[in-house]
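Student: Contents are compact mmCIF, C-alpha atoms; file name structure13.txt:
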```
# COMPACT_ATOMS: atom_id res chain seq x y z
CA MET Y 1 -12.11 -23.01 -22.78
CA LYS Y 2 -8.85 -24.64 -21.80
CA LEU Y 3 -7.04 -23.77 -18.60
CA ARG Y 4 -3.61 -23.59 -20.18
CA ASN Y 5 -2.43 -21.37 -23.02
CA ASP Y 6 -1.73 -22.78 -26.47
CA PRO Y 7 0.25 -21.18 -29.31
CA GLN Y 8 -2.90 -19.45 -30.60
CA ARG Y 9 -5.05 -18.68 -27.58
CA PHE Y 10 -4.87 -17.72 -23.90
CA GLY Y 11 -6.22 -20.23 -21.42
CA ALA Y 12 -8.65 -19.41 -18.65
CA ILE Y 13 -6.01 -19.09 -15.91
CA ALA Y 14 -3.89 -16.56 -17.79
CA LEU Y 15 -7.01 -14.56 -18.65
CA LEU Y 16 -8.17 -14.59 -15.03
CA PHE Y 17 -4.74 -13.39 -13.85
CA HIS Y 18 -4.69 -10.59 -16.41
CA TRP Y 19 -8.11 -9.16 -15.65
CA LEU Y 20 -8.07 -9.64 -11.88
CA VAL Y 21 -4.71 -7.90 -11.68
CA ALA Y 22 -5.92 -5.10 -13.98
CA LEU Y 23 -8.97 -4.58 -11.75
CA ALA Y 24 -6.89 -4.65 -8.57
CA VAL Y 25 -4.26 -2.26 -9.95
CA ILE Y 26 -6.81 0.30 -11.15
CA GLY Y 27 -8.73 -0.01 -7.88
CA LEU Y 28 -5.59 0.35 -5.76
CA PHE Y 29 -4.44 3.38 -7.71
CA ALA Y 30 -7.81 5.08 -7.37
CA LEU Y 31 -8.00 4.25 -3.66
CA GLY Y 32 -4.43 5.43 -3.07
CA PHE Y 33 -5.05 8.66 -4.94
CA TYR Y 34 -8.18 9.32 -2.90
CA MET Y 35 -7.03 8.24 0.54
CA VAL Y 36 -3.90 10.40 0.86
CA ASP Y 37 -5.96 13.58 1.02
CA LEU Y 38 -8.42 12.42 3.66
CA GLY Y 39 -8.79 14.36 6.89
CA TYR Y 40 -8.07 12.91 10.30
CA TYR Y 41 -11.76 12.65 11.11
CA ASP Y 42 -12.90 11.06 7.82
CA PRO Y 43 -14.13 7.51 8.48
CA TRP Y 44 -12.07 6.30 5.50
CA TYR Y 45 -8.87 7.81 6.96
CA ARG Y 46 -8.09 4.38 8.41
CA LYS Y 47 -10.34 2.10 6.30
CA GLY Y 48 -8.76 3.31 3.06
CA PRO Y 49 -5.14 2.52 3.92
CA ASP Y 50 -6.18 -0.76 5.62
CA LEU Y 51 -7.93 -1.93 2.44
CA HIS Y 52 -5.11 -0.63 0.25
CA ARG Y 53 -2.45 -2.55 2.20
CA SER Y 54 -4.47 -5.76 2.38
CA ILE Y 55 -5.26 -5.88 -1.32
CA GLY Y 56 -1.69 -4.83 -2.14
CA ILE Y 57 -0.26 -7.82 -0.30
CA LEU Y 58 -2.78 -10.20 -1.92
CA LEU Y 59 -1.85 -8.73 -5.29
CA PHE Y 60 1.81 -9.45 -4.54
CA ILE Y 61 0.97 -13.09 -3.92
CA ALA Y 62 -1.13 -13.22 -7.10
CA MET Y 63 1.70 -11.70 -9.15
CA LEU Y 64 4.16 -14.30 -7.86
CA LEU Y 65 1.75 -17.06 -8.85
CA ARG Y 66 1.15 -15.37 -12.19
CA LEU Y 67 4.88 -15.21 -12.87
CA ALA Y 68 5.21 -18.91 -12.05
CA TRP Y 69 2.25 -19.72 -14.31
CA ARG Y 70 3.87 -17.83 -17.15
CA PHE Y 71 6.77 -20.27 -17.03
CA ILE Y 72 4.49 -23.29 -16.68
CA SER Y 73 2.24 -22.18 -19.54
CA PRO Y 74 3.91 -19.60 -21.81
CA PRO Y 75 1.65 -17.06 -23.54
CA PRO Y 76 0.58 -17.53 -27.17
CA ALA Y 77 2.97 -16.48 -29.92
CA PRO Y 78 2.69 -12.98 -31.38
CA LEU Y 79 0.23 -12.78 -34.28
CA PRO Y 80 1.83 -13.32 -37.70
CA THR Y 81 0.75 -9.80 -38.64
CA HIS Y 82 2.57 -8.17 -35.72
CA LYS Y 83 5.50 -6.10 -36.98
CA PRO Y 84 8.96 -6.31 -35.36
CA TRP Y 85 8.62 -2.91 -33.62
CA GLU Y 86 5.23 -3.94 -32.24
CA LYS Y 87 6.60 -7.22 -30.93
CA ILE Y 88 9.57 -5.48 -29.26
CA SER Y 89 7.55 -2.70 -27.69
CA ALA Y 90 4.91 -5.14 -26.44
CA HIS Y 91 7.59 -7.35 -24.93
CA LEU Y 92 9.27 -4.37 -23.24
CA THR Y 93 5.97 -2.96 -21.99
CA HIS Y 94 4.81 -6.24 -20.50
CA TRP Y 95 8.09 -6.79 -18.66
CA ALA Y 96 8.19 -3.16 -17.56
CA LEU Y 97 4.71 -3.58 -16.11
CA TYR Y 98 5.77 -6.70 -14.21
CA LEU Y 99 8.84 -4.91 -12.87
CA LEU Y 100 7.02 -1.69 -11.94
CA LEU Y 101 4.27 -3.63 -10.20
CA PHE Y 102 6.77 -5.47 -8.02
CA VAL Y 103 8.61 -2.22 -7.27
CA ALA Y 104 5.30 -0.58 -6.37
CA MET Y 105 4.13 -3.39 -4.13
CA ILE Y 106 7.44 -3.85 -2.32
CA SER Y 107 7.95 -0.13 -1.79
CA GLY Y 108 4.42 0.18 -0.45
CA TYR Y 109 5.03 -2.59 2.03
CA LEU Y 110 8.32 -0.97 3.07
CA ILE Y 111 6.56 2.29 3.92
CA SER Y 112 4.33 0.65 6.47
CA SER Y 113 6.94 -1.71 7.87
CA ALA Y 114 9.79 0.82 8.11
CA ASP Y 115 9.26 1.12 11.85
CA GLY Y 116 9.61 -2.62 12.29
CA SER Y 117 5.88 -3.26 12.51
CA SER Y 118 4.09 -5.93 10.50
CA VAL Y 119 1.43 -5.32 7.84
CA ASP Y 120 -2.02 -6.81 8.42
CA VAL Y 121 -3.93 -8.45 5.57
CA PHE Y 122 -7.54 -7.95 6.67
CA ASN Y 123 -7.78 -9.99 9.87
CA TRP Y 124 -6.37 -13.09 8.20
CA PHE Y 125 -2.61 -12.86 8.67
CA ALA Y 126 0.22 -10.36 9.08
CA VAL Y 127 3.38 -9.92 7.06
CA PRO Y 128 6.32 -9.12 9.35
CA SER Y 129 8.80 -6.38 8.62
CA VAL Y 130 11.94 -7.54 6.82
CA SER Y 131 13.71 -4.23 7.24
CA GLY Y 132 13.25 -3.83 10.97
CA HIS Y 133 13.31 -0.23 12.16
CA GLN Y 134 15.11 1.77 9.51
CA THR Y 135 15.20 5.52 10.00
CA GLY Y 136 13.96 7.35 6.95
CA LEU Y 137 13.00 4.23 5.03
CA GLU Y 138 9.35 5.29 4.90
CA ASP Y 139 10.31 8.48 3.07
CA THR Y 140 12.50 6.78 0.45
CA ALA Y 141 10.03 3.95 -0.04
CA GLY Y 142 7.24 6.51 -0.25
CA LEU Y 143 8.94 8.39 -3.07
CA ILE Y 144 9.57 5.18 -4.98
CA HIS Y 145 5.99 4.03 -4.41
CA TYR Y 146 4.60 7.31 -5.70
CA TRP Y 147 6.58 7.29 -8.95
CA ALA Y 148 6.27 3.55 -9.60
CA THR Y 149 2.48 3.62 -9.25
CA TRP Y 150 2.06 6.60 -11.58
CA ALA Y 151 4.37 4.85 -14.05
CA VAL Y 152 2.24 1.69 -13.84
CA ILE Y 153 -0.98 3.55 -14.54
CA GLY Y 154 0.59 5.54 -17.37
CA LEU Y 155 2.12 2.50 -19.02
CA ALA Y 156 -1.03 0.40 -18.49
CA GLY Y 157 -3.05 3.14 -20.17
CA LEU Y 158 -0.69 3.11 -23.14
CA HIS Y 159 -0.86 -0.69 -23.18
CA ALA Y 160 -4.67 -0.55 -23.32
CA LEU Y 161 -4.61 2.05 -26.09
CA ALA Y 162 -2.22 -0.13 -28.06
CA ALA Y 163 -4.67 -3.05 -27.84
CA VAL Y 164 -7.46 -0.79 -29.08
CA LYS Y 165 -5.23 0.35 -31.95
CA HIS Y 166 -4.70 -3.26 -32.96
CA HIS Y 167 -8.43 -3.91 -32.81
CA LEU Y 168 -9.67 -0.80 -34.63
CA PHE Y 169 -6.85 0.03 -37.02
CA ASP Y 170 -4.99 -3.20 -37.68
CA ARG Y 171 -8.23 -5.15 -37.27
CA ASP Y 172 -6.35 -8.13 -35.82
CA ASP Y 173 -7.13 -10.51 -32.93
CA THR Y 174 -4.87 -8.92 -30.28
CA LEU Y 175 -7.73 -7.59 -28.16
CA ARG Y 176 -10.00 -10.57 -28.84
CA ARG Y 177 -7.34 -12.94 -27.56
CA ILE Y 178 -6.97 -11.25 -24.17
CA LEU Y 179 -10.75 -11.12 -23.89
CA GLY Y 180 -10.74 -14.88 -24.35
CA LEU Y 181 -12.68 -14.72 -27.60
CA ALA Y 182 -12.13 -17.01 -30.57
CA PRO Y 183 -10.15 -15.56 -33.48
CA ARG Y 184 -12.21 -13.33 -35.79
CA PRO Y 185 -13.92 -15.44 -38.48
CA THR Y 186 -12.37 -14.67 -41.86
CA THR Y 187 -14.70 -13.44 -44.68
CA HIS Y 188 -12.74 -15.10 -47.45
CA THR Y 189 -10.63 -18.23 -47.76
CA PRO Y 190 -7.88 -18.95 -50.30
CA ASN Y 191 -10.29 -21.07 -52.32
CA ASN Y 192 -13.59 -19.30 -52.30
CA THR Y 193 -16.21 -21.69 -51.05
CA HIS Y 194 -19.07 -19.89 -52.75
CA ASN Y 195 -20.45 -22.71 -54.71
CA LEU Y 196 -21.60 -21.45 -58.03
CA SER Y 197 -22.93 -24.63 -59.24
CA MET L 198 67.66 23.56 37.74
CA LEU L 199 66.18 26.54 39.57
CA THR L 200 65.31 28.08 36.17
CA LEU L 201 63.26 25.01 35.36
CA LEU L 202 61.50 25.26 38.71
CA LYS L 203 60.75 28.96 38.27
CA LYS L 204 59.76 28.87 34.63
CA VAL L 205 57.85 25.68 34.35
CA THR L 206 56.98 23.94 37.58
CA ILE L 207 55.69 26.87 39.59
CA PRO L 208 53.48 28.26 36.84
CA ALA L 209 52.19 24.78 36.18
CA LEU L 210 51.41 24.30 39.84
CA ALA L 211 49.69 27.67 39.96
CA LEU L 212 47.59 26.78 36.97
CA LEU L 213 46.67 23.44 38.49
CA LEU L 214 45.70 25.01 41.79
CA SER L 215 43.69 27.76 40.16
CA SER L 216 41.86 25.35 37.91
CA MET L 217 41.06 23.23 40.94
CA ALA L 218 39.71 26.30 42.64
CA PHE L 219 37.47 26.94 39.62
CA ALA L 220 36.65 23.26 39.18
CA ASP L 221 33.38 23.57 40.98
CA GLN L 222 32.41 26.80 39.26
CA PRO L 223 29.67 26.04 36.76
CA GLY L 224 30.40 28.97 34.47
CA GLY L 225 31.42 28.41 30.89
CA THR L 226 30.16 27.37 27.49
CA TYR L 227 28.57 23.95 27.21
CA LYS L 228 27.73 21.98 24.11
CA PHE L 229 24.81 19.51 24.18
CA ASP L 230 26.12 15.94 24.47
CA THR L 231 25.00 14.98 20.96
CA LYS L 232 27.47 12.12 20.55
CA GLY L 233 26.43 10.40 23.75
CA THR L 234 22.81 11.37 23.13
CA HIS L 235 22.34 12.65 26.64
CA GLN L 236 19.88 15.00 25.06
CA PHE L 237 16.19 14.75 24.30
CA VAL L 238 13.69 17.01 22.60
CA MET L 239 10.30 15.45 23.08
CA PHE L 240 6.76 16.46 22.31
CA LYS L 241 3.49 15.44 23.89
CA ILE L 242 0.14 15.95 22.17
CA SER L 243 -3.36 14.70 22.90
CA HIS L 244 -4.75 11.97 20.68
CA LEU L 245 -8.50 12.55 20.23
CA GLY L 246 -8.60 13.74 23.83
CA TYR L 247 -8.23 10.08 24.86
CA SER L 248 -4.51 9.62 25.42
CA TRP L 249 -1.12 11.27 25.18
CA LEU L 250 1.07 10.74 22.17
CA TYR L 251 4.78 11.19 22.78
CA GLY L 252 7.45 11.61 20.16
CA GLN L 253 10.88 13.08 19.82
CA PHE L 254 13.30 14.70 17.44
CA ASN L 255 16.36 12.47 17.09
CA ASP L 256 18.75 14.95 15.47
CA PHE L 257 19.51 18.29 17.04
CA THR L 258 22.45 20.27 18.37
CA GLY L 259 22.75 23.07 20.82
CA ASP L 260 24.81 24.91 23.35
CA PHE L 261 24.41 27.06 26.40
CA THR L 262 26.65 29.59 28.06
CA VAL L 263 26.43 29.92 31.82
CA ASP L 264 27.41 33.09 33.57
CA ALA L 265 27.95 31.85 37.15
CA GLU L 266 28.12 35.38 38.58
CA ASN L 267 25.03 36.61 36.74
CA PRO L 268 22.94 33.61 35.71
CA GLU L 269 20.48 35.85 33.96
CA ASN L 270 23.15 36.67 31.39
CA SER L 271 23.25 33.03 30.35
CA GLN L 272 22.26 31.92 26.87
CA VAL L 273 20.76 28.84 25.23
CA ASN L 274 20.63 27.93 21.55
CA ALA L 275 19.35 24.84 19.77
CA THR L 276 18.86 23.73 16.17
CA ILE L 277 16.53 20.80 15.49
CA GLN L 278 16.45 18.80 12.24
CA THR L 279 12.70 18.54 11.74
CA ALA L 280 12.97 15.47 9.50
CA SER L 281 14.24 13.50 12.49
CA VAL L 282 10.78 13.46 14.05
CA ASP L 283 10.15 10.02 15.54
CA SER L 284 6.97 8.79 17.19
CA ASN L 285 7.85 5.13 16.57
CA HIS L 286 5.31 4.80 13.75
CA ALA L 287 6.54 4.92 10.14
CA GLU L 288 3.30 6.07 8.54
CA ARG L 289 2.65 8.72 11.19
CA ASP L 290 6.20 10.07 11.02
CA LYS L 291 6.01 10.21 7.24
CA HIS L 292 2.77 12.18 7.56
CA LEU L 293 4.30 14.51 10.18
CA ARG L 294 7.17 15.32 7.83
CA GLY L 295 4.75 16.20 5.04
CA ASP L 296 3.12 19.51 4.24
CA ASP L 297 0.14 18.80 6.51
CA PHE L 298 2.43 19.33 9.50
CA LEU L 299 6.17 20.05 9.68
CA ASP L 300 6.76 20.35 5.92
CA VAL L 301 10.37 19.37 6.39
CA ASP L 302 11.29 19.84 2.72
CA GLU L 303 10.40 23.51 3.05
CA TYR L 304 11.51 23.97 6.67
CA PRO L 305 14.32 21.51 7.46
CA THR L 306 15.20 23.10 10.81
CA ALA L 307 13.51 24.50 13.89
CA THR L 308 15.58 26.78 16.10
CA PHE L 309 15.56 28.34 19.53
CA LYS L 310 17.62 31.36 20.59
CA SER L 311 17.18 32.63 24.12
CA THR L 312 16.74 36.34 24.66
CA ASN L 313 16.14 36.53 28.38
CA ILE L 314 16.56 34.40 31.48
CA GLU L 315 14.70 35.12 34.69
CA LYS L 316 15.65 33.17 37.81
CA THR L 317 12.57 32.01 39.67
CA GLY L 318 14.27 29.94 42.36
CA GLU L 319 17.57 28.41 43.34
CA LYS L 320 17.46 25.90 40.51
CA THR L 321 14.63 27.18 38.36
CA ALA L 322 14.28 29.85 35.73
CA LYS L 323 12.09 31.09 32.93
CA ILE L 324 14.01 31.10 29.65
CA THR L 325 12.43 33.32 27.03
CA GLY L 326 13.57 33.13 23.45
CA ASP L 327 12.70 33.19 19.79
CA PHE L 328 11.42 29.84 18.56
CA THR L 329 11.27 29.28 14.81
CA LEU L 330 9.09 26.43 13.65
CA HIS L 331 7.55 25.85 10.22
CA GLY L 332 9.15 29.11 9.11
CA VAL L 333 7.41 31.16 11.79
CA THR L 334 9.31 32.87 14.62
CA LYS L 335 7.53 33.57 17.87
CA PRO L 336 8.69 34.36 21.40
CA VAL L 337 8.21 31.42 23.77
CA THR L 338 9.02 30.96 27.42
CA LEU L 339 10.40 27.71 28.75
CA ASP L 340 10.06 26.68 32.39
CA ALA L 341 13.53 25.40 33.12
CA LYS L 342 15.02 23.44 35.97
CA LEU L 343 18.70 22.87 36.66
CA ILE L 344 19.17 19.17 37.38
CA GLY L 345 22.82 19.14 38.36
CA TYR L 346 26.39 19.79 37.34
CA GLY L 347 29.96 18.81 38.09
CA ASP L 348 32.90 16.65 37.05
CA ASP L 349 32.26 13.48 35.13
CA PRO L 350 34.39 10.31 35.57
CA TRP L 351 36.14 10.81 32.23
CA GLY L 352 37.81 14.19 32.64
CA GLY L 353 34.93 16.39 31.59
CA TYR L 354 32.54 18.77 33.31
CA ARG L 355 28.81 18.57 32.67
CA MET L 356 25.58 20.36 33.42
CA GLY L 357 22.05 19.18 32.80
CA LEU L 358 18.73 20.94 32.63
CA GLU L 359 15.15 20.18 31.72
CA ALA L 360 12.78 22.74 30.24
CA SER L 361 9.24 22.66 28.96
CA THR L 362 6.63 24.82 27.32
CA THR L 363 3.29 24.56 25.54
CA LEU L 364 2.93 25.69 21.94
CA THR L 365 -0.20 26.34 19.91
CA LEU L 366 0.31 24.69 16.53
CA SER L 367 -1.68 27.26 14.57
CA ASP L 368 0.59 30.03 15.91
CA PHE L 369 3.28 28.47 13.76
CA GLY L 370 1.15 28.01 10.68
CA ILE L 371 0.39 24.34 11.31
CA THR L 372 -3.35 24.28 10.84
CA LYS L 373 -4.21 20.64 10.09
CA ASP L 374 -7.30 19.77 12.08
CA LEU L 375 -6.55 17.08 14.65
CA GLY L 376 -9.55 17.90 16.78
CA PRO L 377 -10.10 20.37 19.63
CA ALA L 378 -7.98 18.51 22.20
CA SER L 379 -4.91 18.59 19.96
CA GLU L 380 -4.49 22.26 19.21
CA THR L 381 -1.53 22.58 21.58
CA VAL L 382 1.59 20.52 22.01
CA ASP L 383 3.92 20.32 25.01
CA ILE L 384 7.63 20.45 24.28
CA ILE L 385 10.05 18.91 26.77
CA ILE L 386 13.77 19.55 26.36
CA SER L 387 16.07 17.53 28.59
CA VAL L 388 19.75 18.00 27.88
CA GLU L 389 23.19 17.55 29.32
CA GLY L 390 25.93 19.87 28.13
CA ILE L 391 29.64 19.19 28.20
CA ARG L 392 31.70 22.20 29.13
CA GLN L 393 34.08 23.18 26.37
```
Go ahead and express the file in the form of structure tokens.
Tutor:
Amino acid sequence: MKLRNDPQRFGAIALLFHWLVALAVIGLFALGFYMVDLGYYDPWYRKGPDLHRSIGILLFIAMLLRLAWRFISPPPAPLPTHKPWEKISAHLTHWALYLLLFVAMISGYLISSADGSSVDVFNWFAVPSVSGHQTGLEDTAGLIHYWATWAVIGLAGLHALAAVKHHLFDRDDTLRRILGLAPRPTTHTPNNTHNLS
Amino acid sequence: MLTLLKKVTIPALALLLSSMAFADQPGGTYKFDTKGTHQFVMFKISHLGYSWLYGQFNDFTGDFTVDAENPENSQVNATIQTASVDSNHAERDKHLRGDDFLDVDEYPTATFKSTNIEKTGEKTAKITGDFTLHGVTKPVTLDAKLIGYGDDPWGGYRMGLEASTTLTLSDFGITKDLGPASETVDIIISVEGIRQ
């Protein structure tokens, strides 16, 4: 498989970005959902948020790299069978997901750094606060983070269902492409190669 | 000329003299110095039984009326904006504002209205009053100490006091389990009032 995308297929790097981010986003959502209800004496009361913040920051870096890669190696063209409304809604959804992810990650970071403190990424490095101590920032950022993350998961779910629709109903290569599989072999060609002679 | 003297100057002089005579009388109504923030409402609670955690409420107003002749007729009132809780930690303060603790969306203010003052010494008193926190009103008694009072360098007259009490969180419907050492919280109120 090639590293870069071509007009027909995704390359390995784009595929890796897509699936790693999908895994991280679903994992972070599940962890976030679970950790906010933990009691003060649950061992995961601290471990959960620590992991959530660390992976969140790494995801932010990955998304920046992914955005850069998208300009270096643009994604394949829409399939010839994709209708105009499908192309528009896919385009909008993909950009909405990019936007919502950045809003979610930045707002999350702003919650923890609203008192001027830095955010630790495991024990590797720390991201300093850009806001400094801002009264009430954690509440506003918290509200934004809550809604942005639910929006991401909702939209991502729709996005996944759309891919399944293309695969099962339209029977096209949309899902195969993002799985890195070759286009579906066709069962007939313009000039039937069944040799009768 | 004499009319001016009789009608204006003498009354003015009398007023001046009488106000000077009362200048060192502490009686009157005082408003907490909110603008200059010579006012603090702090709390102190045990963390795991291993250390003290201090925090404060940044936004609150209040007043007190001092009856110099009968100090026990004095009165203290305060209104605290619960969302202004500040323990210098964004995540903790966000959690404190939530429904596990202060539930500031539901209960944006905490108030104190004194109902009785009992002098216990020359500069000390027990101030009893109704304290409303988390929507629950209970009588509490503050141990208060008068720090000082008098003229300030800018034309005003001030009085300061410090009072403290211990509250049991569950009495006010705050039941989140923080461990056995953290069931009570000390409240320390240290304010300076400017006489109105």
Student: Point out the residue among L:Pro336, L:Pro305, L:Gly295, L:Gly390 with the least atom-to-atom distance to chain Y, counting all atoms listed in the file.
Tutor: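 Of L:Pro336, L:Pro305, L:Gly295, L:Gly390, the one nearest chain Y is L:Gly295, counting all atoms listed in the file.
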Student: Point out the residue among L:Val273, L:Ala360, L:Ile324, L:Leu375 with the least atom-to-atom distance to chain Y, counting only C-alpha atoms.
Tutor: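 Closest to chain Y of all the choices is L:Leu375.
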Student: Would you be able to write out as a list in words which residues have an atom within 12 Å of (25.5, 33.3, 35.1) in the file's coordinates, counting only C-alpha atoms?
Tutor: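 So the residues meeting the distance criterion are Gln222, Pro223, Gly224, Gly225, Thr226, Phe261, Thr262, Val263, Asp264, Ala265, Glu266, Asn267, Pro268, Glu269, Asn270, Ser271, Gln272, Val273, Asn313, Ile314, Glu315, Lys316 and Ala322 of chain L.
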Student: If we count only C-alpha atoms, what is near region 69-79 of chain Y at a cut-off of 9 Å, once residues fewer than 3 positions away on the same chain are taken out, given as a PyMOL selection string?
Tutor: chain Y and resi 4-11+13-14+64-66+82-83+87+172-174
Student: What separation in Å, quoted to one decimal, exists between CA of Ile344 (chain L) and CA of Glu359 (chain L)?
Tutor: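 One can read the CA of Ile344 (chain L) to CA of Glu359 (chain L) distance as 7.0 Å.
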